[in-house]
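Quick notes on the structure that follows.
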Amino acid sequence: MDAQLRELIPFLRDRNPQVRQIALSHLLPQTPSGSPHRNIFFSGLQAGGFQAKPKETDIIRDLKLLCRDQLEVAHDAFRALVNLSDSPLLISSLSEPSFLTFVVSYIIHPKSILADLASMLLSNLTSSSAACSVMLTLNVSIISGIEFYAPQSRCATSAPPDPYPEGEAKNVLALPLLLDAFSTVQVDPDRSKRTRKGDLHFLASVFANLSVAPAGRSFFLTARPADISKPAELEYPLAKIVSFTEHKDTIRRGGVASTLKSVSAMSFPELTPNSRRNCAFHAHGHKAILSPETDKVSVSPFTDEAPGVDALPYILLPLAGPEEFDLEDQEKLPDAVQFLPPTKAREVDPTLRLMHVETLLLLCHTRWGRDYLREHGVYEVVRAAHMVESVDKISEHIERLVTLLKGDEPSDPKELEEGGDTIEDASLGAPEGAAMRQIMPPPAAAPVETDDDEDNKIEEV
């Protein structure tokens, strides 16, 4: 069977698109993890992705090119790479700047039909530190018009805008463009009425993966232009995504929660050991995360100021229920958490509830952070959450949080700026976005589905 499947590989380059589709449809079922003939995709690769026999890796190059093909072919090519991207042998090839530039350009273009599959592929790739390093410095070419356009996205499933923009192309950092695309997705269930074809939920996992690296955490708390057309207006990139902690899609809100937790644990490794207190989390970063939008804050070592992220309401809302508080306690709460309706439900996923409590623990690291949380009703919300919590580990973390919030503070005034002891239990761990995605083939007897629903049949490995 191996030999028969290998005979199909040259047909991936056939001039007839129907031939390419038939060949790929027979190879696709062998791409998920555990498939009996999956080894045909890795022949000639050594550990680290170096090519022993370049000719034997033609199939991977073909799949990368077929992502630009007609809809049916491109759909299966993206699916194949999503399934294969869990292998470290392919990370080097799939993380080439030229290919990532195409993937990012494709995702940010609103007319890209398969943007969700491309986002899933990017999510898998950024589970690797090598791909993260490329992504953090990657630039893409855009042309400004009524809306900007990334010309390197152009292919059969990503039509250029009409009229075509007449401006000159310029290179810009890719990550802010991905954030803009992620935060501007429309929620209209009728896809025909949407400007953007994809939901881009898997970009949340990309951000979570990137935030594991110190450079990634620094990116989210470095003031940048809010809009590429208005460079004078600065904001923190984290502000674009915090509002999705209560989104109906688990992948989107989970990736955002993981990013928020990682950024709350932000530290700068380039500082000397003596300038960090027990590898302490960055106090100025916490001020930027918690401060309201009306306050402008800078994050050391930078001096540029931007409006605060005002993340506390979005951390508390998943932990809040329909309880009624005394008027005095109610007035402490952020406006978005006050007078919640009787139908308000807490986050159903215990992993995400734990993540939000750990984020609050991390934000308690400094005296300033603890004071801010006390003044804004965090104790009242987590006390009510503790009364109905059924998971022991979450209850234990809430109890620890309450101890920090209700305990006596040291009298040393330096504590106000430097913070207290390191919060060791609230470790970063693996972000929610780090799980590899696999798209499993349908049963052999069932007809192959071609609609968009098939893209959601994902099994985590």
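Letters for chains follow the order of the structure tokens (A, B, ...), residue numbers begin at 1 for each chain, and ligand numbers begin at 1 in the order shown.
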Filtered DSSP result for region 109-352 of chain A, state strand (DSSP E), as a list of chain:residue names:
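Taking region 109-352 of chain A and keeping strand (DSSP E) only, one gets A:Asn139, A:Val140, A:Ser141, A:Ile142, A:Ile143, A:Ala169, A:Lys170, A:Asn171, A:Val172, A:Leu173, A:Arg224, A:Pro225, A:Ala226, A:Asp227, A:Lys230, A:Pro231, A:Ala232, A:Glu233, A:Leu234, A:Glu235, A:Lys296, A:Val297, A:Ser298, A:Glu305, A:Ala306, A:Pro307.
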Would you save the residues from that selection as a compact mmCIF listing (two decimals), in the first residue's frame, using N, CA and C atoms?
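Final file, result07.txt:
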# COMPACT_ATOMS: atom_id res chain seq x y z
N ASN A 139 7.30 40.25 8.99
CA ASN A 139 6.66 41.39 8.33
C ASN A 139 5.93 40.91 7.09
N VAL A 140 4.80 41.53 6.79
CA VAL A 140 4.07 41.22 5.56
C VAL A 140 3.87 42.51 4.79
N SER A 141 3.73 42.36 3.49
CA SER A 141 3.54 43.51 2.60
C SER A 141 2.06 43.84 2.52
N ILE A 142 1.70 45.11 2.69
CA ILE A 142 0.31 45.54 2.55
C ILE A 142 0.25 46.78 1.67
N ILE A 143 -0.89 46.95 1.01
CA ILE A 143 -1.17 48.13 0.20
C ILE A 143 -2.35 48.85 0.84
N ALA A 169 3.07 49.44 -1.86
CA ALA A 169 3.19 48.39 -0.85
C ALA A 169 4.23 48.78 0.19
N LYS A 170 3.97 48.42 1.44
CA LYS A 170 4.94 48.65 2.50
C LYS A 170 4.92 47.46 3.45
N ASN A 171 6.04 47.20 4.09
CA ASN A 171 6.15 46.08 5.01
C ASN A 171 5.78 46.53 6.42
N VAL A 172 4.91 45.76 7.07
CA VAL A 172 4.51 46.06 8.45
C VAL A 172 4.56 44.77 9.26
N LEU A 173 4.66 44.92 10.58
CA LEU A 173 4.71 43.76 11.46
C LEU A 173 3.42 42.96 11.35
N ARG A 224 1.62 50.40 20.99
CA ARG A 224 1.76 50.43 19.54
C ARG A 224 0.59 51.21 18.94
N PRO A 225 0.71 51.64 17.69
CA PRO A 225 -0.41 52.33 17.05
C PRO A 225 -1.67 51.46 17.05
N ALA A 226 -2.79 52.04 17.45
CA ALA A 226 -4.04 51.28 17.47
C ALA A 226 -4.50 50.94 16.07
N ASP A 227 -4.13 51.77 15.10
CA ASP A 227 -4.52 51.58 13.70
C ASP A 227 -3.33 51.98 12.84
N LYS A 230 -3.36 55.40 11.69
CA LYS A 230 -3.29 56.48 12.70
C LYS A 230 -2.16 56.17 13.67
N PRO A 231 -0.93 56.36 13.25
CA PRO A 231 0.22 55.97 14.08
C PRO A 231 0.35 56.74 15.37
N ALA A 232 -0.32 57.89 15.50
CA ALA A 232 -0.18 58.70 16.72
C ALA A 232 -1.00 58.16 17.88
N GLU A 233 -2.05 57.38 17.60
CA GLU A 233 -2.92 56.85 18.64
C GLU A 233 -2.38 55.50 19.11
N LEU A 234 -1.88 55.45 20.34
CA LEU A 234 -1.26 54.24 20.85
C LEU A 234 -2.22 53.45 21.72
N GLU A 235 -2.02 52.14 21.75
CA GLU A 235 -2.74 51.27 22.67
C GLU A 235 -1.90 50.02 22.90
N LYS A 296 -3.56 56.84 31.40
CA LYS A 296 -2.47 56.48 30.50
C LYS A 296 -1.29 55.99 31.31
N VAL A 297 -0.75 54.84 30.88
CA VAL A 297 0.29 54.15 31.64
C VAL A 297 1.41 53.78 30.70
N SER A 298 2.63 53.84 31.19
CA SER A 298 3.79 53.34 30.44
C SER A 298 4.29 52.08 31.12
N GLU A 305 3.31 56.15 26.54
CA GLU A 305 2.12 55.92 27.35
C GLU A 305 0.94 55.56 26.45
N ALA A 306 0.07 54.70 26.98
CA ALA A 306 -1.13 54.31 26.27
C ALA A 306 -2.24 54.09 27.29
N PRO A 307 -3.50 54.13 26.88
CA PRO A 307 -4.59 53.89 27.82
C PRO A 307 -4.48 52.50 28.45
Neighbours of region 119-133 of chain A within 7 Å (only C-alpha atoms; same-chain residues fewer than 5 positions away dropped), as a list in words?
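Surrounding residues, per the criterion: Leu81, Val82, Ser85, Asp86, Ile91, Ser95, Ile107, Leu200, Phe202, Leu203, Ser205, Val206, Asn209, Leu210, Ala434, Met436 and Arg437 of chain A.
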Please write the residues from the selection above to a file, keeping C-alpha atoms, as a PDB file, in the first residue's frame.
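Result written to out39.pdb:
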ATOM      1  CA  LEU A  81      -0.839  20.281   6.710  1.00  0.00           C
ATOM      2  CA  VAL A  82      -2.934  20.836   9.842  1.00  0.00           C
ATOM      3  CA  SER A  85       2.041  19.933  11.617  1.00  0.00           C
ATOM      4  CA  ASP A  86       2.138  18.037  14.924  1.00  0.00           C
ATOM      5  CA  ILE A  91       8.431  22.471  11.718  1.00  0.00           C
ATOM      6  CA  SER A  95       7.990  27.717   9.496  1.00  0.00           C
ATOM      7  CA  ILE A 107      -5.724  34.954   7.188  1.00  0.00           C
ATOM      8  CA  LEU A 200     -10.586  33.071  13.156  1.00  0.00           C
ATOM      9  CA  PHE A 202      -7.880  29.628  16.390  1.00  0.00           C
ATOM     10  CA  LEU A 203      -5.919  32.875  16.332  1.00  0.00           C
ATOM     11  CA  SER A 205      -4.491  29.859  20.380  1.00  0.00           C
ATOM     12  CA  VAL A 206      -1.777  31.523  18.295  1.00  0.00           C
ATOM     13  CA  ASN A 209       1.343  30.185  22.175  1.00  0.00           C
ATOM     14  CA  LEU A 210       3.251  33.382  21.431  1.00  0.00           C
ATOM     15  CA  ALA A 434      -0.834  24.578  22.784  1.00  0.00           C
ATOM     16  CA  MET A 436      -2.351  20.135  18.521  1.00  0.00           C
ATOM     17  CA  ARG A 437      -5.383  19.953  16.251  1.00  0.00           C
TER      18      ARG A 437
END
Here is a test: counting only C-alpha atoms, which residue of A:Gly254, A:Pro237, A:Pro88, A:Gly407 is nearest to Val309 (chain A)?
A:Pro237
Skip His356 (chain A) itself and residues of its chain fewer than 2 positions away, then list as number ranges by chain all residues within 10 Å of it, counting only C-alpha atoms.
A: 245, 257-258, 260-261, 314-319, 347, 350-354, 358-362, 394
Contacts of Leu363 (chain A) at 9 Å or less, counting only C-alpha atoms, minus same-chain residues fewer than 3 places along, as a PyMOL selection string?
chain A and resi 264-265+281+283+286+289-290+358-360+366+369-370+373
